[in-house]
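Below is one structure, written out as structure tokens; comments come after it.
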Amino acid sequence: MSGFLPGLADWALRGGAGNPDDDGSDDDDDNNDSGNQAASAEPIQPALTEDEMRARRLARMEAMQKRQQAEASKPTPMEVDGPEDKKPQASSTPKRPPIAATAATTAAMDVTPASNARKNKQSPDVSNEAIKKKKEAITSPDDLARKMQRKKELLLKRVLLLSLSGSATASDTSCVTVDIGDPNISSSSIAEILATRLSLEAESAALSTVPTQKELIPYLAQSHRRACEELKAIRQQQEHKREKVAELEEMLDEIQKQVVNYAASSLIEPDLFELGQDGAMQLAKAFIGTNPAESITFGIFGPASSFYNCLCDELMTQDQSAFQSTINTVLKYFMDKMSKCESVDAGVGDANPVSILTALTSVISNKKAAALVAQSDSFLPPAAGTPQADELIRLPLAQTADLLQMLANGNRPYKRRSGLGIEKQTLLGTVLRIGAPKSNPAFSSNSIFRQSLDSVERTTSSQRVQLRNYQEMCNRFVMNLVKGGAAARGKVMSWFIECLKLNVGATALRPDQTKVSSTPLLLNMQVVLLKLCEPFVLDDKKHRLIDPGFVSSAKSHGGVFETEGDDAIPRLGESQAGAEYNPKNAFIPQCFFFAARSIALGLAPALSHHENLLRHISHAHWEINSQNRDMQSDPHFGILVSRQRSNEVALFQPELVQDTLRFCNLIAKFLDDTPDEQLSGMPEHFVDNVCDIVMSIAKMKSKLLRGVELRHVFKLVVKLLSPKYANMVRNYNLRAMLGDVLYELYLPSNTDDRRDVPPSVSCDPLAGGQTFLLSDKFAQETLAPSLLLLYGEVEHTGYYDKMSHRAKISSLLKYLWESAEHRPAFRAITQNKASFIKFANGIMNETNTLIATVMQKLPEIREAQEKMANTQEWGRLSEDEQNVISSRLEDSERDVKHALPLCNKTLQMFGYLNTDKDIRNLFLLDELCPRLVAMLLHVLTKLVGSKGLDLKVNNPEQYQFRPKEMLRDLCAIFALFASSTEFSMECAKSGCDPALLSLAVKTCKRLNLLAGESMIAFESLPDKVKSASQLVAADEALLVDAPDEFHDELLSTFMSDPVILPSGHIVDRSTITQHLLNDSIDPFNRAEMTIDDVKPATELKAKMAKWLEEKRAAQGS
């Protein structure tokens, strides 16, 4: 600092920042007196500005350094003590020990006249007059001044941890002793005292205190806190006591002001003090690892009174660029530390991610600092289309690493503007990327099978606590940024927009790890956004502020909900242009829609990937068992189980799951309330994610559903399944998922062989605990026909998927059928003959396919099981032959496990639907009855025929193969139709052997499968079919020489109702009706057609009737 502001040095020596009556020099008393007289003769100067005060303070610093250097150059005197007259007077009483009390307690500890009187009274040599004189001496002005000086010395010691040379505390080893030329302390001398203390060199012997004092910035921060504590104690005293310590209060106010001023000056001019050359780094370190009550952001009189807030205000006042530089230095320090952390349990040195993030959160607790952080270069990724956006980042490799190691460790180059780039190169990305350990050492594959379930649960719970603590800090960090003002809040939302856009690929089955962010970041982003939504999630009044127009306003969503291009977000229906987006509250729609989008990129795909992992584990388990290998010694299986347990730490964290479920219920309510013209423009993944998440939790961790209300999810599902919205929701997979949600969550657990979903999910507390399926009025009107329609629609979802969907729909239909609330809806179905015929035809097609699959695969399973059970024969096969048999067995088992549950439920559906007379009459129509009879006879032949033994397999229950129950349901259907002449005649036409029916009757009696009227009706069927067979034989004999033109051109059967197709060909009406149920084309030229396109062949029909009449007349004669 030599040469800095030399013209002001003389002013500083004359006491510009101290007491005007004290020049601060080292001259003798005479010189002091002359200086005072000269000063009093000068005219009064105008008040100084803050800049002038700052300049004079800097000048004082330079002058003081020069003086210290001059004194250091003098020879060391032989005598340590000063002149005799300068020494403090020895006290006749023992020296008091250091007192660590507040100013208030200091005042209370001083000796009072009354106490002295008692002491004197105890001495027989002291007269009353002497006591009186002593009292007068104690209350003299000089004595009061000495007492106040003593209090100031103790206050200086407690607050600034220093003492003045020549004071009573000068010998205290816990304090730094400084010399300002005058041991008297006043508010005006605080600046000089602090300046002297801060100007000490790092190696100065004066700093060798016990304990060692902190660096400059932490020292000033703690001094500020201690001053506030002392000040608070004084201000809590009664008014008359405060008057006695008014000087102390003034002195503490000055200390607070000066420590902040000097801290700011040190940060503005790092060379001002040697101890503060790295002031910004000292400030950064001061945020880490401190007790909250001792933190630099803790204010005794509220947050605004904290040292850090005062420092930020002072820096903004003095030099905004220095403030920004300081904040950037602190920010870089913490970002560097955070970037070295990989998980919540991995730290850097003595700092862990929670402490680092706590420090960062403290940094932005000041709104001005938060605004600067949001404006920093590292806050947002580079804009699209800029050279920086396409810049490739290559991570450094260890010298011994090769290419394979680089790829295995994920150290592939990535673009600065990408999902991985925003994670590694931005502040929020660096913060949110921290999660549970990916390769969790607590679940090592080497020891995973030696851990008890209790041990696993304890470890999981412990890590979830760590993760939850970190996520809570993430919430506070983002909230502080949001509260940093409109500009800072805008930057935060811009970061969310960029992150959501750059991670579109996160929904892929195998995301590109160089283009998308990690799962922990996406989950933490979801956690933070859900936290921002928390104030309005449970507030019905604020739900109205969620404006659906947001997704149509590109300006508002910033491209997150694109409708065109590669990143387009599919809509529920045809997107329609809505009214101009003008929300009452812009922040609530932002938070809601971004949170909904974050679920699509965060928890939803993570749960899907975890389900795939569980399927992989299940398959690996099956392979190990089938090959008689040791599961615990299989390294691959251990890795899979280790990955499962590691994933579940974060995925099934109770707070995350329950917050997400509540938000899903809000999404459902919002969609249910949205007008139809805007509902069609809503992103399809809103519904998809709601369904996926609630079902995944129900399947994998159903206990987490306890206490969560999903009323609005049910209402939305029923609404979208209704015929009115069938055309809006065009995605068949999504519609099938809606049916699955009703089955998985809202069908009572005791109605099917299902997982234990808490009753609180399926029951309506407002309806006395009745299930939503039965209590909801709209469901009573629409759900039954909706499910019948859905049964046919799931045909388009895939071979195995449709079986699973239809099995669930069948269970739902059975539950609804058994309730009186839904019976009117089922009766209404029969009024739409065409729709019901289409539904019934689909059921029979499905059943025929299922029966064919089961009857083909069960004998194959039995054959493979017998080969594998014969150890000698199995051992003679080669390994390739064994693998072929095992692979075929696995395929057959998979087919049967998918087909049999649906087959069982379909037969049950035929049974309970046909208990209704109107529905039974529809099945007797010419279009359906032949199909129904053929299906029933096919199954009956397999179950009781000569090849029934081929269906016996080991452990049939694992395939849900229950032949007795299947035969019971089948015979019950026969019994329902036994009284129908049309049914008996159709059985005869199908070539049914009455002996087969008689054998089925005997089996039913032997196994006691039917009883009462059902058994009686079934017993009568063989005789009725026998009689019908005779009539059919007579008719066939009558028609044996019928002209070819009377025969159906497709089936070559005698027609009863001939019709002409658009192609000109003639077939029976029942033939073309059945054909069009499966394929809406003309079977002869494959042109599109409907049943309305056929024309009755009136002339041919009359001709056929005349021919039959003549044949019967001739036969009768």
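Naming works like this for the structure tokens: A, B, ... for the chains as they're shown, residue 1 at the start of each chain, ligands 1 onward in shown order.
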Tell me which protein, DNA and RNA residues are within 12 Å of A:Lys838, counting only C-alpha atoms, leaving out same-chain ones fewer than 6 positions away, and put them as a ChimeraX atom specification. /A:788-793,829-830,832,844-845,922-923,927-928,1073-1080
Give me every strand (DSSP E or B) residue in stretch 572-792 of chain A, going by DSSP on the backbone, as an MDAnalysis selection string. chainID A and resid 683 763:764 770:771
Rank nothing, just name the residue among A:Glu982, A:Asp182, A:Asp891, A:Asp740 nearest to A:Phe714, using only C-alpha atoms. A:Asp740
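The coordinates place atom CA of A:Leu603 at 13.3 Å from atom CA of A:Ala508.
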Neighbouring residues of A:Gln277 were defined as those with any atom within 12 Å, considering only C-alpha atoms; residues of the same chain fewer than 5 positions away were excluded. Please report them as a ChimeraX atom specification. /A:198-199,201-202,215-217,263,265-272,282-283
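Using only C-alpha atoms, the residues found no farther than 8 Å from stretch 953-958 of chain A, other than those of its own chain fewer than 3 positions away, are A:Leu858, A:Pro859, A:Ile861, A:Arg862, A:Gln865, A:Lys897, A:Phe961, A:Arg962.
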Write out as a PyMOL selection string the set of residues from stretch 230-366 of chain A that DSSP, computed on the backbone, places in alpha helix (DSSP H). chain A and resi 230-235+239-244+246-268+279-286+307-318+320-339+353-363
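Atom pair atom CA of A:Glu893 / atom CA of A:Val939: separated by 19.6 Å.
Taking atom CA of A:Ala1114 and atom CA of A:Ala1034 as the two end points, the separation is 13.8 Å.
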Kindly indicate which residue among A:Gly842, A:Gly421, A:Gly911, A:Gly875 lies nearest to A:Arg931, using only C-alpha atoms for the distances. A:Gly842
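The residue that comes closest to A:Phe826, out of A:Val933, A:Leu976, A:Leu783, A:Ala650 and on the basis of only C-alpha atoms, is A:Leu783.
The closest residue to A:Ala600, picked from A:Ser204, A:Gln425, A:Ser626, A:Thr660 and counting only C-alpha atoms, is A:Thr660.
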Fewer than 3 positions away in the same chain doesn't count, so skip those; otherwise give me all residues within 8 Å of A:Ala1017, counting only C-alpha atoms, as a PDB file with N, CA and C atoms, in the first residue's frame.
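New file out.pdb:
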ATOM      1  N   ALA A 975     -76.233 -75.715 -19.565  1.00  0.00           N
ATOM      2  CA  ALA A 975     -77.491 -75.816 -18.834  1.00  0.00           C
ATOM      3  C   ALA A 975     -78.384 -74.612 -19.087  1.00  0.00           C
ATOM      4  N   LEU A 976     -77.775 -73.425 -19.214  1.00  0.00           N
ATOM      5  CA  LEU A 976     -78.563 -72.211 -19.462  1.00  0.00           C
ATOM      6  C   LEU A 976     -79.287 -72.277 -20.804  1.00  0.00           C
ATOM      7  N   ALA A 978     -80.057 -75.140 -22.436  1.00  0.00           N
ATOM      8  CA  ALA A 978     -80.646 -76.468 -22.675  1.00  0.00           C
ATOM      9  C   ALA A 978     -82.108 -76.388 -23.068  1.00  0.00           C
ATOM     10  N   SER A 979     -82.825 -75.394 -22.590  1.00  0.00           N
ATOM     11  CA  SER A 979     -84.263 -75.294 -22.891  1.00  0.00           C
ATOM     12  C   SER A 979     -84.528 -74.685 -24.258  1.00  0.00           C
ATOM     13  N   GLU A1013     -81.468 -77.007 -10.270  1.00  0.00           N
ATOM     14  CA  GLU A1013     -82.058 -76.839 -11.587  1.00  0.00           C
ATOM     15  C   GLU A1013     -81.017 -76.883 -12.702  1.00  0.00           C
ATOM     16  N   SER A1014     -79.818 -76.387 -12.423  1.00  0.00           N
ATOM     17  CA  SER A1014     -78.774 -76.413 -13.444  1.00  0.00           C
ATOM     18  C   SER A1014     -78.432 -77.839 -13.824  1.00  0.00           C
ATOM     19  N   SER A1020     -80.971 -82.991 -19.275  1.00  0.00           N
ATOM     20  CA  SER A1020     -81.954 -83.115 -20.357  1.00  0.00           C
ATOM     21  C   SER A1020     -81.349 -82.834 -21.728  1.00  0.00           C
ATOM     22  N   LEU A1021     -80.193 -82.232 -21.771  1.00  0.00           N
ATOM     23  CA  LEU A1021     -79.630 -81.774 -23.035  1.00  0.00           C
ATOM     24  C   LEU A1021     -79.248 -82.919 -23.981  1.00  0.00           C
TER      25      LEU A1021
END
Could you list, as an MDAnalysis selection string, every residue within 9 Å of A:Phe550, counting only C-alpha atoms and ignoring same-chain residues fewer than 2 positions away? chainID A and resid 546:548 552:554 556:557 581:583 586 589:590 593
So that I can check the surroundings of A:Ile255, please list as a VMD selection string every protein, DNA and RNA residue that reaches within 9 Å of it, counting only C-alpha atoms and ignoring chain neighbours fewer than 2 positions away. chain A and resid 159 to 160 187 190 to 191 194 223 to 224 227 250 to 253 257 to 260
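For the choices A:Ile1066, A:Leu940, A:Thr361, A:Leu773, the atom-to-atom distance to A:Arg476 is smallest for A:Thr361 when using only C-alpha atoms.
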